[in-house]
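The next block is query05.tsv, given as TSV, C-alpha atoms and all ligand atoms.
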```
chain	number	residue	atom	x	y	z
A	1	MET	CA	-30.45	59.70	28.84
A	2	ASN	CA	-27.06	60.93	27.65
A	3	LEU	CA	-26.01	62.99	24.70
A	4	ALA	CA	-24.10	61.25	21.91
A	5	ASN	CA	-20.39	60.67	22.48
A	6	ARG	CA	-19.51	62.79	19.46
A	7	LEU	CA	-20.61	65.86	21.38
A	8	LYS	CA	-18.19	65.24	24.24
A	9	ALA	CA	-15.24	66.95	22.57
A	10	ILE	CA	-17.30	69.82	21.15
A	11	LYS	CA	-17.55	73.30	22.64
A	12	PRO	CA	-20.44	75.67	21.96
A	13	SER	CA	-19.56	78.57	19.64
A	14	PRO	CA	-18.04	81.22	21.94
A	15	THR	CA	-18.82	83.99	19.46
A	16	LEU	CA	-22.51	83.09	19.34
A	17	ALA	CA	-22.55	82.72	23.15
A	18	LEU	CA	-20.96	86.14	23.78
A	19	ASN	CA	-23.27	87.74	21.24
A	20	ALA	CA	-26.28	86.17	22.92
A	21	LYS	CA	-25.10	87.44	26.33
A	22	ALA	CA	-24.56	90.96	24.96
A	23	LYS	CA	-28.01	90.91	23.31
A	24	ALA	CA	-29.64	89.65	26.53
A	25	LEU	CA	-28.02	92.51	28.50
A	26	ALA	CA	-29.17	95.01	25.86
A	27	ALA	CA	-32.71	93.58	26.10
A	28	GLN	CA	-32.60	94.31	29.85
A	29	GLY	CA	-31.85	97.94	29.02
A	30	VAL	CA	-28.08	97.76	29.66
A	31	ASP	CA	-26.14	100.02	27.28
A	32	VAL	CA	-23.77	97.38	25.84
A	33	VAL	CA	-21.39	98.09	22.97
A	34	SER	CA	-21.02	94.90	20.99
A	35	LEU	CA	-17.75	94.47	19.13
A	36	ALA	CA	-18.24	90.71	19.10
A	37	ALA	CA	-20.34	90.01	16.03
A	38	GLY	CA	-18.86	89.00	12.68
A	39	GLU	CA	-21.75	90.61	10.91
A	40	PRO	CA	-21.90	93.63	8.56
A	41	ASP	CA	-23.98	96.50	9.94
A	42	PHE	CA	-25.07	97.47	6.40
A	43	ASP	CA	-28.50	96.41	5.20
A	44	THR	CA	-28.87	93.86	2.39
A	45	PRO	CA	-28.96	95.83	-0.90
A	46	GLU	CA	-32.46	96.60	-2.14
A	47	HIS	CA	-32.21	94.79	-5.51
A	48	ILE	CA	-31.35	91.56	-3.64
A	49	LYS	CA	-34.35	91.92	-1.32
A	50	GLN	CA	-36.55	92.68	-4.33
A	51	ALA	CA	-35.44	89.49	-6.07
A	52	ALA	CA	-36.51	87.45	-3.03
A	53	VAL	CA	-39.86	89.26	-2.82
A	54	GLU	CA	-40.43	88.71	-6.52
A	55	ALA	CA	-39.61	85.00	-6.18
A	56	LEU	CA	-42.11	84.69	-3.32
A	57	ARG	CA	-44.78	86.55	-5.33
A	58	GLN	CA	-44.25	84.21	-8.25
A	59	GLY	CA	-44.69	81.20	-6.01
A	60	PHE	CA	-41.07	80.09	-6.19
A	61	THR	CA	-41.53	78.42	-2.82
A	62	LYS	CA	-41.03	74.71	-3.43
A	63	TYR	CA	-38.14	72.25	-3.18
A	64	THR	CA	-35.33	72.82	-5.65
A	65	PRO	CA	-32.55	70.40	-6.60
A	66	THR	CA	-30.49	69.73	-3.47
A	67	ALA	CA	-27.35	71.32	-4.93
A	68	GLY	CA	-29.27	74.47	-5.88
A	69	ILE	CA	-31.00	75.65	-9.06
A	70	LEU	CA	-28.88	75.30	-12.19
A	71	GLU	CA	-29.11	79.03	-12.92
A	72	LEU	CA	-27.52	79.84	-9.57
A	73	ARG	CA	-24.80	77.23	-9.92
A	74	GLU	CA	-24.03	78.65	-13.36
A	75	ALA	CA	-23.87	82.15	-11.87
A	76	ILE	CA	-21.47	80.88	-9.19
A	77	CYS	CA	-19.26	79.38	-11.92
A	78	GLY	CA	-19.43	82.76	-13.69
A	79	LYS	CA	-18.40	84.55	-10.50
A	80	LEU	CA	-15.48	82.17	-9.91
A	81	GLU	CA	-14.30	82.77	-13.48
A	82	ARG	CA	-14.85	86.57	-13.37
A	83	ASP	CA	-13.43	87.31	-9.90
A	84	ASN	CA	-11.09	84.41	-9.24
A	85	ARG	CA	-10.00	83.14	-12.64
A	86	LEU	CA	-11.03	79.63	-11.60
A	87	THR	CA	-12.97	77.40	-13.98
A	88	TYR	CA	-15.71	75.19	-12.60
A	89	ALA	CA	-18.75	73.44	-14.10
A	90	PRO	CA	-22.17	73.54	-12.39
A	91	ASP	CA	-21.83	69.88	-11.31
A	92	GLN	CA	-18.77	70.93	-9.32
A	93	VAL	CA	-20.83	73.33	-7.20
A	94	VAL	CA	-23.16	72.75	-4.25
A	95	VAL	CA	-25.23	75.57	-2.74
A	96	SER	CA	-25.63	75.37	1.03
A	97	VAL	CA	-27.23	77.01	4.03
A	98	GLY	CA	-24.33	79.43	4.55
A	99	ALA	CA	-20.64	78.85	4.03
A	100	LYS	CA	-20.76	77.21	7.43
A	101	GLN	CA	-22.78	74.27	6.12
A	102	ALA	CA	-20.53	74.04	3.07
A	103	ILE	CA	-17.47	73.67	5.33
A	104	TYR	CA	-19.28	71.28	7.68
A	105	ASN	CA	-20.34	69.05	4.78
A	106	THR	CA	-16.84	69.13	3.31
A	107	PHE	CA	-15.48	67.56	6.49
A	108	GLN	CA	-18.40	65.15	6.78
A	109	ALA	CA	-17.85	63.96	3.22
A	110	LEU	CA	-14.09	63.72	3.55
A	111	LEU	CA	-12.96	62.55	6.96
A	112	ASN	CA	-12.63	59.12	8.50
A	113	GLU	CA	-12.00	58.55	12.20
A	114	GLY	CA	-8.60	59.98	13.12
A	115	ASP	CA	-7.93	61.75	9.82
A	116	GLU	CA	-6.02	64.97	10.36
A	117	VAL	CA	-6.84	68.47	9.15
A	118	LEU	CA	-4.21	71.23	9.33
A	119	ILE	CA	-5.62	74.48	10.64
A	120	LEU	CA	-3.56	77.67	10.74
A	121	ALA	CA	-3.83	79.41	14.11
A	122	PRO	CA	-5.33	81.85	14.86
A	123	TYR	CA	-8.40	80.30	13.24
A	124	TRP	CA	-12.15	80.72	12.99
A	125	VAL	CA	-13.58	79.01	16.07
A	126	SER	CA	-15.79	76.58	14.15
A	127	TYR	CA	-13.09	74.78	12.12
A	128	PRO	CA	-11.72	72.54	14.91
A	129	GLU	CA	-15.18	71.70	16.23
A	130	MET	CA	-16.47	70.79	12.77
A	131	VAL	CA	-13.43	68.59	12.15
A	132	GLN	CA	-14.03	66.80	15.44
A	133	LEU	CA	-17.74	66.36	14.74
A	134	ALA	CA	-16.69	64.51	11.58
A	135	GLY	CA	-14.39	62.24	13.61
A	136	GLY	CA	-11.24	64.03	12.45
A	137	LYS	CA	-8.36	65.49	14.40
A	138	PRO	CA	-7.47	69.18	14.09
A	139	VAL	CA	-3.71	69.79	13.90
A	140	PHE	CA	-2.75	73.39	14.52
A	141	VAL	CA	0.01	75.28	12.75
A	142	GLN	CA	0.80	78.46	14.64
A	143	THR	CA	1.36	81.70	12.75
A	144	ARG	CA	2.92	84.73	14.41
A	145	GLU	CA	2.11	88.40	14.66
A	146	GLU	CA	5.76	89.23	13.76
A	147	ASP	CA	5.20	87.50	10.40
A	148	GLY	CA	1.89	89.29	9.83
A	149	PHE	CA	0.18	85.98	10.72
A	150	ALA	CA	1.42	84.54	7.42
A	151	PRO	CA	1.98	80.79	7.48
A	152	ASP	CA	5.48	79.37	7.62
A	153	PRO	CA	5.78	76.68	4.92
A	154	ASP	CA	8.30	74.73	7.03
A	155	ALA	CA	5.86	74.62	9.94
A	156	ILE	CA	3.21	73.26	7.53
A	157	ARG	CA	5.67	70.67	6.23
A	158	ARG	CA	6.43	69.54	9.78
A	159	ALA	CA	2.73	69.22	10.61
A	160	LEU	CA	1.86	67.12	7.54
A	161	SER	CA	1.55	63.41	8.27
A	162	PRO	CA	0.32	60.33	6.39
A	163	ARG	CA	-3.06	60.99	8.03
A	164	THR	CA	-3.37	64.59	6.79
A	165	LYS	CA	-6.48	64.73	4.64
A	166	ALA	CA	-6.83	68.50	4.24
A	167	ILE	CA	-5.48	71.93	5.09
A	168	VAL	CA	-7.79	74.90	5.70
A	169	LEU	CA	-6.79	78.34	4.42
A	170	ASN	CA	-8.72	81.47	5.29
A	171	SER	CA	-7.55	84.73	3.73
A	172	PRO	CA	-8.56	87.41	4.60
A	173	SER	CA	-8.52	85.73	7.97
A	174	ASN	CA	-10.96	85.71	10.81
A	175	PRO	CA	-9.69	86.73	13.37
A	176	SER	CA	-6.33	88.21	12.30
A	177	GLY	CA	-7.43	90.08	9.16
A	178	ALA	CA	-4.24	88.84	7.49
A	179	VAL	CA	-4.29	88.53	3.70
A	180	PHE	CA	-1.94	85.92	2.28
A	181	SER	CA	0.50	87.29	-0.29
A	182	ARG	CA	1.43	85.52	-3.49
A	183	ALA	CA	4.72	84.49	-1.88
A	184	ALA	CA	2.93	83.06	1.18
A	185	LEU	CA	0.55	81.06	-1.03
A	186	GLU	CA	3.44	79.81	-3.16
A	187	GLY	CA	5.12	78.64	0.04
A	188	ILE	CA	1.99	76.76	1.12
A	189	ALA	CA	1.60	75.27	-2.37
A	190	GLN	CA	5.16	73.98	-2.25
A	191	ALA	CA	4.66	72.47	1.17
A	192	VAL	CA	1.49	70.57	0.22
A	193	ARG	CA	2.39	69.70	-3.37
A	194	GLU	CA	4.04	66.40	-2.50
A	195	HIS	CA	1.29	65.40	-0.12
A	196	GLU	CA	-2.06	63.88	-1.17
A	197	CYS	CA	-4.38	66.26	0.71
A	198	LEU	CA	-7.21	68.64	-0.13
A	199	ILE	CA	-6.84	72.40	0.18
A	200	ILE	CA	-9.97	74.00	1.59
A	201	SER	CA	-9.91	77.70	0.78
A	202	ASP	CA	-12.46	79.66	2.82
A	203	ASP	CA	-12.74	82.87	0.79
A	204	ILE	CA	-15.74	84.32	2.64
A	205	TYR	CA	-13.97	87.67	3.35
A	206	GLU	CA	-12.65	88.02	-0.22
A	207	ARG	CA	-14.43	91.33	-0.82
A	208	LEU	CA	-13.28	92.98	2.38
A	209	LEU	CA	-9.82	93.94	1.26
A	210	TYR	CA	-7.98	97.16	2.22
A	211	GLN	CA	-4.50	96.43	0.90
A	212	GLY	CA	-2.92	94.08	-1.58
A	213	GLU	CA	-4.82	91.75	-3.88
A	214	PHE	CA	-7.05	88.81	-3.18
A	215	LEU	CA	-5.51	85.55	-4.33
A	216	ASN	CA	-6.73	82.03	-3.97
A	217	LEU	CA	-4.15	79.23	-3.83
A	218	GLY	CA	-5.47	78.06	-7.22
A	219	ASN	CA	-4.23	81.32	-8.78
A	220	VAL	CA	-0.61	80.71	-7.81
A	221	ALA	CA	-0.65	76.91	-8.16
A	222	PRO	CA	-2.96	75.86	-11.03
A	223	ASP	CA	-1.63	72.29	-10.73
A	224	LEU	CA	-3.33	72.05	-7.32
A	225	VAL	CA	-6.80	73.13	-8.53
A	226	PRO	CA	-7.96	69.49	-8.80
A	227	ARG	CA	-7.37	69.27	-5.02
A	228	LEU	CA	-8.92	72.62	-4.19
A	229	VAL	CA	-12.29	73.24	-2.51
A	230	VAL	CA	-13.38	76.87	-2.70
A	231	ILE	CA	-15.81	77.97	-0.01
A	232	ASN	CA	-17.64	81.25	-0.30
A	233	GLY	CA	-21.03	82.80	0.39
A	234	MET	CA	-23.20	85.88	0.48
A	235	SER	CA	-23.11	86.70	4.21
A	236	LYS	CA	-20.18	89.07	4.52
A	237	ALA	CA	-19.94	90.52	0.99
A	238	TYR	CA	-23.62	91.27	0.42
A	239	SER	CA	-24.65	91.79	4.07
A	240	MET	CA	-26.80	88.66	3.97
A	241	THR	CA	-25.84	86.86	7.20
A	242	GLY	CA	-29.42	85.97	8.11
A	243	TRP	CA	-30.35	84.64	4.68
A	244	ARG	CA	-28.01	81.65	5.09
A	245	MET	CA	-26.52	81.24	1.66
A	246	GLY	CA	-23.12	79.83	0.79
A	247	TYR	CA	-21.50	77.38	-1.57
A	248	ALA	CA	-18.59	75.07	-2.25
A	249	ALA	CA	-16.87	74.42	-5.58
A	250	GLY	CA	-14.46	71.55	-5.92
A	251	PRO	CA	-13.72	68.13	-7.34
A	252	LYS	CA	-16.82	66.31	-8.63
A	253	TRP	CA	-16.40	63.29	-6.35
A	254	LEU	CA	-16.35	65.46	-3.24
A	255	ILE	CA	-19.23	67.71	-4.35
A	256	ALA	CA	-21.30	64.56	-5.09
A	257	GLY	CA	-20.56	63.31	-1.54
A	258	MET	CA	-21.52	66.66	-0.03
A	259	GLN	CA	-24.72	66.67	-2.04
A	260	MET	CA	-25.57	63.21	-0.69
A	261	ILE	CA	-25.14	64.49	2.88
A	262	GLN	CA	-27.35	67.47	2.08
A	263	ASP	CA	-29.91	65.13	0.41
A	264	GLN	CA	-30.24	63.30	3.70
A	265	SER	CA	-30.15	66.32	5.99
A	266	THR	CA	-31.30	69.81	4.97
A	267	SER	CA	-32.00	69.32	1.22
A	268	ASN	CA	-31.78	72.59	-0.69
A	269	ALA	CA	-31.09	76.08	0.64
A	270	ALA	CA	-34.33	78.13	0.69
A	271	SER	CA	-35.70	78.48	-2.85
A	272	PHE	CA	-36.37	82.24	-2.83
A	273	VAL	CA	-33.01	82.90	-1.14
A	274	GLN	CA	-31.39	81.20	-4.13
A	275	LYS	CA	-33.10	83.77	-6.37
A	276	ALA	CA	-31.79	86.55	-4.13
A	277	ALA	CA	-28.27	85.09	-4.39
A	278	LEU	CA	-28.63	85.06	-8.16
A	279	ALA	CA	-29.51	88.76	-8.10
A	280	ALA	CA	-26.51	89.42	-5.83
A	281	LEU	CA	-24.06	87.66	-8.14
A	282	LYS	CA	-25.50	89.04	-11.37
A	283	GLY	CA	-26.26	92.56	-10.10
A	284	PRO	CA	-23.90	95.54	-9.78
A	285	GLN	CA	-20.62	94.67	-8.08
A	286	ASP	CA	-19.60	98.28	-7.40
A	287	ILE	CA	-21.79	98.22	-4.27
A	288	PHE	CA	-18.66	97.05	-2.48
A	289	VAL	CA	-16.67	100.21	-3.10
A	290	PRO	CA	-18.34	102.56	-0.55
A	291	MET	CA	-18.69	99.71	1.94
A	292	VAL	CA	-14.99	98.83	1.81
A	293	GLU	CA	-14.05	102.52	2.07
A	294	GLU	CA	-16.17	102.87	5.18
A	295	TYR	CA	-14.62	99.74	6.73
A	296	ARG	CA	-11.15	101.05	5.90
A	297	GLY	CA	-11.87	104.32	7.72
A	298	ARG	CA	-13.15	102.45	10.75
A	299	ARG	CA	-10.19	100.08	10.71
A	300	ASP	CA	-7.75	103.00	10.80
A	301	MET	CA	-9.68	104.75	13.53
A	302	VAL	CA	-9.74	101.61	15.70
A	303	VAL	CA	-6.11	100.60	15.09
A	304	ASP	CA	-4.84	104.12	15.83
A	305	ALA	CA	-6.87	104.35	19.03
A	306	LEU	CA	-5.71	100.94	20.25
A	307	ASN	CA	-2.06	101.70	19.51
A	308	SER	CA	-2.31	104.86	21.61
A	309	MET	CA	-3.13	102.77	24.71
A	310	GLU	CA	-0.28	101.73	26.92
A	311	GLY	CA	0.14	97.94	27.10
A	312	VAL	CA	-1.84	97.37	23.88
A	313	ARG	CA	-0.41	96.80	20.40
A	314	CYS	CA	-2.51	96.35	17.29
A	315	ARG	CA	-1.49	95.24	13.81
A	316	ARG	CA	-3.32	96.94	10.93
A	317	PRO	CA	-5.27	94.15	9.22
A	318	GLU	CA	-5.27	94.03	5.43
A	319	GLY	CA	-8.74	92.49	5.18
A	320	ALA	CA	-11.95	91.27	6.88
A	321	PHE	CA	-13.53	93.44	9.61
A	322	TYR	CA	-11.69	92.44	12.75
A	323	VAL	CA	-8.76	93.79	14.70
A	324	LEU	CA	-6.75	91.50	16.92
A	325	PRO	CA	-5.03	93.72	19.49
A	326	ASN	CA	-2.19	92.13	21.43
A	327	VAL	CA	-3.05	92.62	25.11
A	328	SER	CA	-0.25	90.49	26.53
A	329	GLY	CA	1.23	93.73	27.91
A	330	LEU	CA	-1.74	93.88	30.30
A	331	LEU	CA	-1.30	90.36	31.64
A	332	GLY	CA	0.20	90.33	35.12
A	333	ARG	CA	-1.12	93.82	35.83
A	334	MET	CA	-3.58	94.23	38.70
A	335	TYR	CA	-7.26	94.88	38.21
A	336	LYS	CA	-9.48	95.25	41.32
A	337	GLY	CA	-6.71	93.75	43.45
A	338	ALA	CA	-6.13	90.61	41.33
A	339	PRO	CA	-3.70	89.98	38.48
A	340	LEU	CA	-4.94	89.75	34.90
A	341	THR	CA	-4.24	86.23	33.70
A	342	GLY	CA	-5.67	85.79	30.21
A	343	SER	CA	-7.91	86.88	27.37
A	344	MET	CA	-10.99	85.04	28.70
A	345	GLN	CA	-10.78	86.99	31.95
A	346	ILE	CA	-10.24	90.30	30.13
A	347	SER	CA	-13.25	89.63	27.92
A	348	GLU	CA	-15.40	88.90	30.98
A	349	ILE	CA	-14.25	92.07	32.76
A	350	LEU	CA	-14.93	94.11	29.64
A	351	LEU	CA	-18.49	92.84	29.42
A	352	ASN	CA	-19.35	92.82	33.11
A	353	ASP	CA	-17.65	96.03	34.26
A	354	PHE	CA	-17.31	98.13	31.10
A	355	ARG	CA	-20.25	96.91	28.99
A	356	VAL	CA	-18.14	96.09	25.95
A	357	ALA	CA	-18.47	92.71	24.23
A	358	ALA	CA	-15.13	91.68	22.69
A	359	MET	CA	-14.03	88.13	21.95
A	360	PRO	CA	-11.14	86.56	23.87
A	361	GLY	CA	-8.34	85.31	21.62
A	362	ALA	CA	-8.06	81.90	23.32
A	363	PRO	CA	-10.93	80.17	21.45
A	364	PHE	CA	-9.37	81.38	18.19
A	365	GLY	CA	-6.11	79.65	19.15
A	366	VAL	CA	-4.28	82.84	20.11
A	367	GLU	CA	-3.85	83.68	23.80
A	368	GLY	CA	-2.85	87.21	24.77
A	369	TYR	CA	-5.10	88.81	22.16
A	370	ILE	CA	-8.69	89.90	21.93
A	371	ARG	CA	-10.77	90.19	18.80
A	372	MET	CA	-12.90	93.24	18.09
A	373	SER	CA	-15.16	93.62	15.10
A	374	PHE	CA	-15.38	97.00	13.39
A	375	ALA	CA	-18.55	96.05	11.54
A	376	THR	CA	-20.48	98.53	13.64
A	377	SER	CA	-21.05	102.30	13.50
A	378	ARG	CA	-18.24	104.75	14.20
A	379	GLU	CA	-20.26	106.10	17.11
A	380	GLN	CA	-20.45	102.65	18.71
A	381	LEU	CA	-16.78	102.06	17.95
A	382	ARG	CA	-15.78	105.33	19.66
A	383	LYS	CA	-17.87	104.46	22.68
A	384	GLY	CA	-16.43	100.94	22.84
A	385	LEU	CA	-12.86	102.22	22.49
A	386	ASP	CA	-13.42	104.83	25.21
A	387	ARG	CA	-14.63	102.10	27.54
A	388	PHE	CA	-11.72	99.86	26.62
A	389	ARG	CA	-9.32	102.74	27.32
A	390	GLU	CA	-11.00	103.22	30.68
A	391	PHE	CA	-10.41	99.53	31.45
A	392	VAL	CA	-6.74	99.72	30.40
A	393	GLY	CA	-6.32	102.86	32.52
A	394	SER	CA	-7.78	101.12	35.56
A	395	THR	CA	-5.10	98.36	35.50
A	396	ARG	CA	-1.93	98.84	37.54
A	401	LIG	C1	-13.98	82.41	8.41
A	401	LIG	C2	-15.44	82.19	8.29
A	401	LIG	N1	-15.89	81.25	7.47
A	401	LIG	C3	-17.21	80.99	7.33
A	401	LIG	C4	-18.15	81.71	8.05
A	401	LIG	C5	-19.59	81.36	7.89
A	401	LIG	O1	-20.30	82.22	7.09
A	401	LIG	P1	-21.84	81.95	6.69
A	401	LIG	O2	-22.62	83.04	7.32
A	401	LIG	O3	-21.85	82.00	5.20
A	401	LIG	O4	-22.23	80.61	7.18
A	401	LIG	C6	-17.72	82.72	8.92
A	401	LIG	C7	-18.70	83.46	9.74
A	401	LIG	O5	-18.40	84.13	10.69
A	401	LIG	C8	-16.33	82.97	9.04
A	401	LIG	O6	-15.86	83.92	9.87
```
Would you write the structure of this file as structure tokens?
Ligand SMILES: Cc1ncc(COP(=O)(O)O)c(C=O)c1O
Amino acid sequence: MNLANRLKAIKPSPTLALNAKAKALAAQGVDVVSLAAGEPDFDTPEHIKQAAVEALRQGFTKYTPTAGILELREAICGKLERDNRLTYAPDQVVVSVGAKQAIYNTFQALLNEGDEVLILAPYWVSYPEMVQLAGGKPVFVQTREEDGFAPDPDAIRRALSPRTKAIVLNSPSNPSGAVFSRAALEGIAQAVREHECLIISDDIYERLLYQGEFLNLGNVAPDLVPRLVVINGMSKAYSMTGWRMGYAAGPKWLIAGMQMIQDQSTSNAASFVQKAALAALKGPQDIFVPMVEEYRGRRDMVVDALNSMEGVRCRRPEGAFYVLPNVSGLLGRMYKGAPLTGSMQISEILLNDFRVAAMPGAPFGVEGYIRMSFATSREQLRKGLDRFREFVGSTR
């Protein structure tokens, strides 16, 4: 028996694979420092847990409408209005099992064989694979460190074709941490305005902002809102990665299509998790302040340490919880008698010889870089950086 053809072009998630390897080593008693996970190290706030417990106690344990309970969809509309100045009605919202499912279903509902989706590189590893699973073709638009990883509108214009069905925007970005400025978003809006495509705005890191303001394309180009799909979720903002709770808001026709896919696949996100999400959205929003301050302190500590290492250069990200140090200065140097050739090899050496899990840049569409998460304690970060420095020092 063979696997389906659609799986032939798909790669397993390298982030999940590296995390699993790091966890397996830790389970064997190896002292691994994991800087690989895109997962807050803070616990889910107590009032959110309580809401789930309460829902369970009250027997709220049955199927709900596929798109999510009305109360939650109304709260999501309230959040989009309050935080993003975007107006949506509950029938323009579908609640999913994480933002990941919301993005997956967007592509499944939208793409025909060979339809193209523009993805700005570096990108989150799952976008191209999800596009391909839906029969689409990812088309990459490179952004550059010199430009702060901001997109070049002319490069977007050149990449657009009659087959372009959507463009994916992710600000703050995983993995670069770049936050798109008003000017950058205006440039993108201008580039896509003349072209009939959707704009998928993955706002999952919205709350993790250290500089500047968070803007969605819809804020700078209200005329494009009818073509906008906003993706967001609870994982990163409310430390709820394991609860699997996300959503999409967009044009009714698309949301109805996504709901149909969910009807025939997972049905609703877990009932009591929906109640927890409601508590998260309606509860105090100042819980983010100390969390963001802590992340900011870690970011500065990590960036300063990396920039003090010879052959390494690291941009200070404006958002999210990743740094993307440029390690191209190490390529060509010798390590254990052989030249360093790429980020995959560096990542393997780091894990095998220095017990640090850090993602290679290559699967994110950016060779010569590695991605480190600072969503872990300062103690672990110091230890990981010391080991990384030891590695850099051992290259010749
Ligand atoms: C850019 C981006 N979008 C979406 C997701 C998925 O988040 P969720 O946990 O809500 O599925 C992630 C998770 O790492 C991410 O980095």
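CA of Leu86 in chain A is found 26.2 Å from CA of Ser271 in chain A.
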Contacts of ligand LIG 401 (chain A), 10 Å or closer, all atoms listed in the file, given as a count of residues only: 50
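Here CA of Thr376 in chain A and CA of Leu350 in chain A stand 17.5 Å from one another.
At a cut-off of 6 Å from (-25.0, 70.6, -1.6), the residue set is Thr66, Ala67, Val94, Val95, Ser96, Met258, Gln259 and Gln262 of chain A (counting all atoms listed in the file).
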Length of the CA of Val273 in chain A to CA of Val93 in chain A vector [Å]: 16.6 Å
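Closest approach to Gln211 in chain A from the set A:Ala189, A:Leu160, A:Ala184, A:Val292 is made by A:Val292, with distances taken over all atoms listed in the file.
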Spatial neighbours of Glu194 in chain A, max dist 12 Å, all atoms listed in the file, sep filter under 5 positions, as a PyMOL selection string: chain A and resi 157+160-162+188-189+223-224
Best match for closeness to Glu348 in chain A among A:His47, A:Lys21, A:Lys11, A:Arg299, counting all atoms listed in the file: A:Lys21
Surrounding residues of range 110-121 of chain A excluding itself and chain neighbours under 2 positions, 7 Å, only C-alpha atoms, as a PyMOL selection string: chain A and resi 106-108+123+134-143+163-168+365-366
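Residue nearest Phe354 in chain A, chosen from A:Glu390, A:Glu146, A:Glu293, A:Glu379 and counting only C-alpha atoms: A:Glu390.
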Spatial neighbours of Asn84 in chain A, max dist 9 Å, all atoms listed in the file, sep filter under 2 positions, as a PyMOL selection string: chain A and resi 79-82+86-87+214-216+218-219
Range 355-364 of chain A environment, 8 Å, all atoms listed in the file, sequence neighbours closer than 6 positions dropped, as a PyMOL selection string: chain A and resi 14-15+18-19+22+30-36+121-125+175+324+343-344+346-347+370-373+384+387-388
Close residues, Arg313 in chain A itself excluded, 6 Å, only C-alpha atoms, min 2 positions apart in chain, as a ChimeraX atom specification: /A:307,325-326
Would you save the residues of that selection, restricted to C-alpha atoms, as an mmCIF file, in the coordinates of the input?
```cif
data_model
loop_
_atom_site.group_PDB
_atom_site.id
_atom_site.type_symbol
_atom_site.label_atom_id
_atom_site.label_comp_id
_atom_site.auth_asym_id
_atom_site.auth_seq_id
_atom_site.Cartn_x
_atom_site.Cartn_y
_atom_site.Cartn_z
ATOM 1 C CA ASN A 307 -2.060 101.700 19.510
ATOM 2 C CA PRO A 325 -5.030 93.720 19.490
ATOM 3 C CA ASN A 326 -2.190 92.130 21.430
#
```
Nearest-residue call for Phe60 in chain A, choices A:Tyr88, A:Phe391, A:Tyr295, A:Phe272, using all atoms listed in the file: A:Phe272
Quick one: range 156-168 of chain A with N, CA and C atoms, as an mmCIF file, in the coordinates of the input?
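Listing of selection28.cif after writing:
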```
data_model
loop_
_atom_site.group_PDB
_atom_site.id
_atom_site.type_symbol
_atom_site.label_atom_id
_atom_site.label_comp_id
_atom_site.auth_asym_id
_atom_site.auth_seq_id
_atom_site.Cartn_x
_atom_site.Cartn_y
_atom_site.Cartn_z
ATOM 1 N N ILE A 156 4.238 74.090 8.183
ATOM 2 C CA ILE A 156 3.210 73.260 7.530
ATOM 3 C C ILE A 156 3.797 71.904 7.178
ATOM 4 N N ARG A 157 5.004 71.937 6.605
ATOM 5 C CA ARG A 157 5.670 70.670 6.230
ATOM 6 C C ARG A 157 5.818 69.762 7.441
ATOM 7 N N ARG A 158 6.221 70.348 8.567
ATOM 8 C CA ARG A 158 6.430 69.540 9.780
ATOM 9 C C ARG A 158 5.115 68.954 10.286
ATOM 10 N N ALA A 159 4.020 69.673 10.075
ATOM 11 C CA ALA A 159 2.730 69.220 10.610
ATOM 12 C C ALA A 159 2.055 68.172 9.723
ATOM 13 N N LEU A 160 2.467 68.106 8.453
ATOM 14 C CA LEU A 160 1.860 67.120 7.540
ATOM 15 C C LEU A 160 2.223 65.697 7.993
ATOM 16 N N SER A 161 1.272 64.793 7.899
ATOM 17 C CA SER A 161 1.550 63.410 8.270
ATOM 18 C C SER A 161 0.792 62.506 7.289
ATOM 19 N N PRO A 162 1.053 61.213 7.306
ATOM 20 C CA PRO A 162 0.320 60.330 6.390
ATOM 21 C C PRO A 162 -1.198 60.393 6.610
ATOM 22 N N ARG A 163 -1.622 60.903 7.761
ATOM 23 C CA ARG A 163 -3.060 60.990 8.030
ATOM 24 C C ARG A 163 -3.664 62.340 7.640
ATOM 25 N N THR A 164 -2.833 63.270 7.160
ATOM 26 C CA THR A 164 -3.370 64.590 6.790
ATOM 27 C C THR A 164 -4.263 64.475 5.568
ATOM 28 N N LYS A 165 -5.514 64.855 5.749
ATOM 29 C CA LYS A 165 -6.480 64.730 4.640
ATOM 30 C C LYS A 165 -6.749 66.095 4.004
ATOM 31 N N ALA A 166 -6.526 67.169 4.777
ATOM 32 C CA ALA A 166 -6.830 68.500 4.240
ATOM 33 C C ALA A 166 -6.093 69.575 5.036
ATOM 34 N N ILE A 167 -5.959 70.737 4.390
ATOM 35 C CA ILE A 167 -5.480 71.930 5.090
ATOM 36 C C ILE A 167 -6.522 73.022 4.832
ATOM 37 N N VAL A 168 -6.798 73.816 5.857
ATOM 38 C CA VAL A 168 -7.790 74.900 5.700
ATOM 39 C C VAL A 168 -7.048 76.228 5.595
#
```
